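Peer 1: Please find one structure pasted underneath; my questions will follow.
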Amino acid sequence: MRIDRRRFLTISAAVAGAALLSPRGLLAAPQATVWRGQALGAPTTLILNHPNPARAQVLLRETAAELRRLEAIFTLYRAESELSRLNREGYLLAPSPEMLAALDLAGRVHAATGGRFDPTVQPLWRAYAAGDTQAIAAARSGLGFGRVRISRARILLAPGQALTLNGIAQGVITDRITDLLRAGGAEHTLVDMGEFRAIGGRSAQEPWSVRLAGGGHALLTDRALATTEARGFSFDPEGRLPQLIDPATGTARADWARVSVIADSAGLADGLSTGLSLAPAAAIRAALPHLHGVEVRALDASGQEFRFT
């Protein structure tokens, strides 16, 4: 089942004398260059303002090429991506540096969230999406990211395992595109691929303001933001089974309606927002002393927001 949870990529870069843009609801300036395509199974749009039009075109081509390259590593929608081959064969020889870095980050987030972030939920996710109760019961035996063996030479899955990186890859890709644009001279830039990362603020005096689902906003200057909405997709028509799988029990559930995480990188924020959606307030408080500079904003079922720093 194909779920477009991250709908688009927008990059808005400020230029001297031009209107500064937010990707949420404001129009591109007349001189903006717009690119549309696909990434990780979702429609993408890139809006880039740059004082040098020729350099902007180069950055667009570089960004499009980088998205294609990263998609060939992380997507579940292409049979020959690295992740699809790993899941199909149960092993992957000579994994790319990007795959190894993403799995290393996944391991750190797995530990930081007490195992609540676990990429081995993919077979359970498929079983819930299919509504197959027998497959759900069988898939629980494959859970456990600690059972995945990772080295530079090979990644090896335990029997019955398959991985999803949907809870972290979008953030990882956002970080890589941000690095590409920063190296290309972008300033006062906001990268949005469902997860946000800012280069500077909206201006030298003003941070970027990003609206959060369910109300409120976050201010970003050289920081990243990721949000997970438990019922952004549900496995059942009644909405009782949210898209999140608890690896401790194998059930579809969530402690929060929305969790937003602000961190130094979008990959870290992405993974934490997924894992901490399954964590009670006490567990979030216990995790934060080990996560330098991370802020968590969690919305409960009644609409009340809790902030953890």
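Within each chain, counting starts at residue 1; across the structure tokens, chains are named A, B, ... in the order shown, with ligands numbered 1 upward in that order.
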If you count only C-alpha atoms, which residues fall within 6 Å of A:Leu241, apart from same-chain ones fewer than 6 positions away, as a ChimeraX atom specification?
Peer 2: /A:234-235,252
Peer 1: Write a file of the just-selected residues containing N, CA and C atoms, as a PDB file, in the first residue's frame.
Peer 2:
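This went into selection-v6.pdb:
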```pdb
ATOM      1  N   SER A 234      -4.733   5.759   8.986  1.00  0.00           N
ATOM      2  CA  SER A 234      -5.218   4.701   9.867  1.00  0.00           C
ATOM      3  C   SER A 234      -5.403   3.416   9.062  1.00  0.00           C
ATOM      4  N   PHE A 235      -5.182   2.280   9.706  1.00  0.00           N
ATOM      5  CA  PHE A 235      -5.321   0.993   9.036  1.00  0.00           C
ATOM      6  C   PHE A 235      -6.783   0.577   8.859  1.00  0.00           C
ATOM      7  N   ALA A 252      -1.034  -1.637  16.749  1.00  0.00           N
ATOM      8  CA  ALA A 252      -1.096  -0.307  16.160  1.00  0.00           C
ATOM      9  C   ALA A 252      -1.701   0.635  17.190  1.00  0.00           C
TER      10      ALA A 252
END
```
Peer 1: May I have a table of the residues of stretch 115-162 of chain A lying at most 12 Å from stretch 55-79 of chain A, giving each one's closest pair of atoms and their distance in Å to one decimal, counting only C-alpha atoms, ordered by chain and ascending residue number, as a tab-separated table?
Peer 2:
```
residue	atom	partner	partner_atom	distance
A:Gln122	CA	A:Leu76	CA	10.2
A:Arg126	CA	A:Leu76	CA	11.7
A:Ala162	CA	A:Leu76	CA	10.7
```
Peer 1: With only C-alpha atoms as the counted atoms, please give the residues lying no more than 9 Å from stretch 257-260 of chain A, apart from itself and same-chain residues fewer than 4 positions off, as a list in words.
Peer 2: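 Final neighbour list, sorted by chain and number: Leu212, Ala213, Gly214, Leu225, Ala226, Thr227, Thr228, Glu229, Ala230, Arg231, Ala269, Asp270, Leu272, Ser273, Thr274, Leu276, Ser277, Glu295, Val296, Arg297, Ala298, Leu299, Asp300, Ala301, Ser302 and Gly303 of chain A.
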Peer 1: What's around stretch 84-101 of chain A at 10 Å? Count only C-alpha atoms, leave out sequence neighbours fewer than 2 positions away in its own chain, and write the answer as a ChimeraX atom specification.
Peer 2: /A:70,72-82,103-107,122-123,148-165,169,172-173,176
Peer 1: Measure the distance from atom CA of A:Ala204 to atom CA of A:Ala186 in Å and round it to one decimal.
Peer 2: 13.6 Å
Peer 1: Mind giving me the straight-line distance from atom CA of A:Ala287 to atom CA of A:Thr113 in Å, one decimal?
Peer 2: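 Between atom CA of A:Ala287 and atom CA of A:Thr113 the gap is 6.8 Å.
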Peer 1: Could you jot down the atom CA of A:Gly146 to atom CA of A:Ala111 separation for me, Å, one decimal place?
Peer 2: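 Between atom CA of A:Gly146 and atom CA of A:Ala111 the gap works out to 9.7 Å.
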Peer 1: Residues of stretch 97-211 of chain A in alpha helix (DSSP H) according to DSSP, as a PyMOL selection string?
Peer 2: chain A and resi 97-112+122-130+133-139+169-183
Peer 1: As a PyMOL selection string, please: the residues near A:Phe117 (cut-off 7 Å, only C-alpha atoms, same-chain neighbours under 6 positions excluded).
Peer 2: chain A and resi 109-110+271+274-275
Peer 1: Using only C-alpha atoms, which of the listed residues (A:Leu143, A:Leu268, A:Arg211, A:Ala138) sits closest to A:Leu291?
Peer 2: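 Comparing A:Leu143, A:Leu268, A:Arg211, A:Ala138 against A:Leu291, the winner is A:Leu268.
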Peer 1: Neighbours of A:Leu220 within 10 Å (only C-alpha atoms; same-chain residues fewer than 2 positions away dropped), as a PDB file with N, CA, C and O atoms, in the first residue's frame?
Peer 2:
```pdb
ATOM      1  N   LEU A 190      14.756  27.581   3.909  1.00  0.00           N
ATOM      2  CA  LEU A 190      13.993  26.563   4.623  1.00  0.00           C
ATOM      3  C   LEU A 190      13.739  25.391   3.685  1.00  0.00           C
ATOM      4  O   LEU A 190      13.141  25.557   2.633  1.00  0.00           O
ATOM      5  N   PHE A 196      11.425  19.594   8.217  1.00  0.00           N
ATOM      6  CA  PHE A 196      12.012  20.898   7.922  1.00  0.00           C
ATOM      7  C   PHE A 196      13.445  20.976   8.423  1.00  0.00           C
ATOM      8  O   PHE A 196      13.782  20.413   9.464  1.00  0.00           O
ATOM      9  N   ARG A 197      14.246  21.736   7.675  1.00  0.00           N
ATOM     10  CA  ARG A 197      15.543  22.149   8.208  1.00  0.00           C
ATOM     11  C   ARG A 197      15.857  23.539   7.675  1.00  0.00           C
ATOM     12  O   ARG A 197      15.701  23.797   6.481  1.00  0.00           O
ATOM     13  N   ALA A 198      16.292  24.407   8.566  1.00  0.00           N
ATOM     14  CA  ALA A 198      16.538  25.805   8.215  1.00  0.00           C
ATOM     15  C   ALA A 198      18.021  26.087   8.117  1.00  0.00           C
ATOM     16  O   ALA A 198      18.814  25.599   8.926  1.00  0.00           O
ATOM     17  N   ILE A 199      18.379  26.861   7.103  1.00  0.00           N
ATOM     18  CA  ILE A 199      19.702  27.481   7.027  1.00  0.00           C
ATOM     19  C   ILE A 199      19.502  28.930   7.445  1.00  0.00           C
ATOM     20  O   ILE A 199      18.902  29.725   6.717  1.00  0.00           O
ATOM     21  N   GLY A 200      19.976  29.268   8.625  1.00  0.00           N
ATOM     22  CA  GLY A 200      19.706  30.590   9.169  1.00  0.00           C
ATOM     23  C   GLY A 200      18.240  30.735   9.514  1.00  0.00           C
ATOM     24  O   GLY A 200      17.525  29.757   9.749  1.00  0.00           O
ATOM     25  N   GLY A 201      17.767  31.987   9.548  1.00  0.00           N
ATOM     26  CA  GLY A 201      16.360  32.265   9.795  1.00  0.00           C
ATOM     27  C   GLY A 201      15.723  32.830   8.544  1.00  0.00           C
ATOM     28  O   GLY A 201      16.320  32.863   7.463  1.00  0.00           O
ATOM     29  N   ARG A 202      14.502  33.307   8.707  1.00  0.00           N
ATOM     30  CA  ARG A 202      13.797  33.922   7.576  1.00  0.00           C
ATOM     31  C   ARG A 202      14.531  35.181   7.126  1.00  0.00           C
ATOM     32  O   ARG A 202      14.503  35.568   5.961  1.00  0.00           O
ATOM     33  N   GLU A 206      14.870  37.513  11.999  1.00  0.00           N
ATOM     34  CA  GLU A 206      13.608  36.815  12.200  1.00  0.00           C
ATOM     35  C   GLU A 206      13.755  35.322  11.909  1.00  0.00           C
ATOM     36  O   GLU A 206      14.284  34.956  10.858  1.00  0.00           O
ATOM     37  N   PRO A 207      13.299  34.452  12.810  1.00  0.00           N
ATOM     38  CA  PRO A 207      13.347  33.020  12.527  1.00  0.00           C
ATOM     39  C   PRO A 207      12.248  32.610  11.556  1.00  0.00           C
ATOM     40  O   PRO A 207      11.301  33.361  11.314  1.00  0.00           O
ATOM     41  N   TRP A 208      12.389  31.419  10.998  1.00  0.00           N
ATOM     42  CA  TRP A 208      11.295  30.822  10.241  1.00  0.00           C
ATOM     43  C   TRP A 208      10.191  30.396  11.196  1.00  0.00           C
ATOM     44  O   TRP A 208      10.464  29.878  12.280  1.00  0.00           O
ATOM     45  N   SER A 209       8.935  30.608  10.816  1.00  0.00           N
ATOM     46  CA  SER A 209       7.793  30.185  11.609  1.00  0.00           C
ATOM     47  C   SER A 209       7.046  29.103  10.848  1.00  0.00           C
ATOM     48  O   SER A 209       6.603  29.335   9.718  1.00  0.00           O
ATOM     49  N   VAL A 210       6.940  27.933  11.449  1.00  0.00           N
ATOM     50  CA  VAL A 210       6.311  26.790  10.796  1.00  0.00           C
ATOM     51  C   VAL A 210       5.070  26.395  11.583  1.00  0.00           C
ATOM     52  O   VAL A 210       5.145  26.161  12.799  1.00  0.00           O
ATOM     53  N   HIS A 217       2.795  26.866  16.470  1.00  0.00           N
ATOM     54  CA  HIS A 217       3.847  27.000  15.477  1.00  0.00           C
ATOM     55  C   HIS A 217       5.186  26.851  16.169  1.00  0.00           C
ATOM     56  O   HIS A 217       5.307  26.947  17.390  1.00  0.00           O
ATOM     57  N   ALA A 218       6.213  26.575  15.365  1.00  0.00           N
ATOM     58  CA  ALA A 218       7.582  26.444  15.873  1.00  0.00           C
ATOM     59  C   ALA A 218       8.465  27.440  15.148  1.00  0.00           C
ATOM     60  O   ALA A 218       8.279  27.706  13.956  1.00  0.00           O
ATOM     61  N   ASP A 222      18.556  27.739  11.957  1.00  0.00           N
ATOM     62  CA  ASP A 222      19.600  26.710  11.930  1.00  0.00           C
ATOM     63  C   ASP A 222      19.204  25.469  12.730  1.00  0.00           C
ATOM     64  O   ASP A 222      20.025  24.867  13.425  1.00  0.00           O
ATOM     65  N   ARG A 223      17.943  25.104  12.642  1.00  0.00           N
ATOM     66  CA  ARG A 223      17.434  23.933  13.362  1.00  0.00           C
ATOM     67  C   ARG A 223      16.508  23.146  12.446  1.00  0.00           C
ATOM     68  O   ARG A 223      16.149  23.579  11.351  1.00  0.00           O
ATOM     69  N   ALA A 224      16.128  21.965  12.907  1.00  0.00           N
ATOM     70  CA  ALA A 224      15.254  21.082  12.125  1.00  0.00           C
ATOM     71  C   ALA A 224      14.010  20.750  12.930  1.00  0.00           C
ATOM     72  O   ALA A 224      14.013  20.780  14.162  1.00  0.00           O
ATOM     73  N   LEU A 225      12.938  20.427  12.204  1.00  0.00           N
ATOM     74  CA  LEU A 225      11.657  20.084  12.821  1.00  0.00           C
ATOM     75  C   LEU A 225      11.047  18.907  12.078  1.00  0.00           C
ATOM     76  O   LEU A 225      11.014  18.881  10.850  1.00  0.00           O
ATOM     77  N   ILE A 262      12.091  19.233  17.679  1.00  0.00           N
ATOM     78  CA  ILE A 262      13.053  20.197  17.158  1.00  0.00           C
ATOM     79  C   ILE A 262      14.444  19.717  17.571  1.00  0.00           C
ATOM     80  O   ILE A 262      14.685  19.427  18.748  1.00  0.00           O
ATOM     81  N   ALA A 263      15.342  19.613  16.607  1.00  0.00           N
ATOM     82  CA  ALA A 263      16.681  19.108  16.866  1.00  0.00           C
ATOM     83  C   ALA A 263      17.650  19.748  15.885  1.00  0.00           C
ATOM     84  O   ALA A 263      17.258  20.539  15.018  1.00  0.00           O
TER      85      ALA A 263
END
```
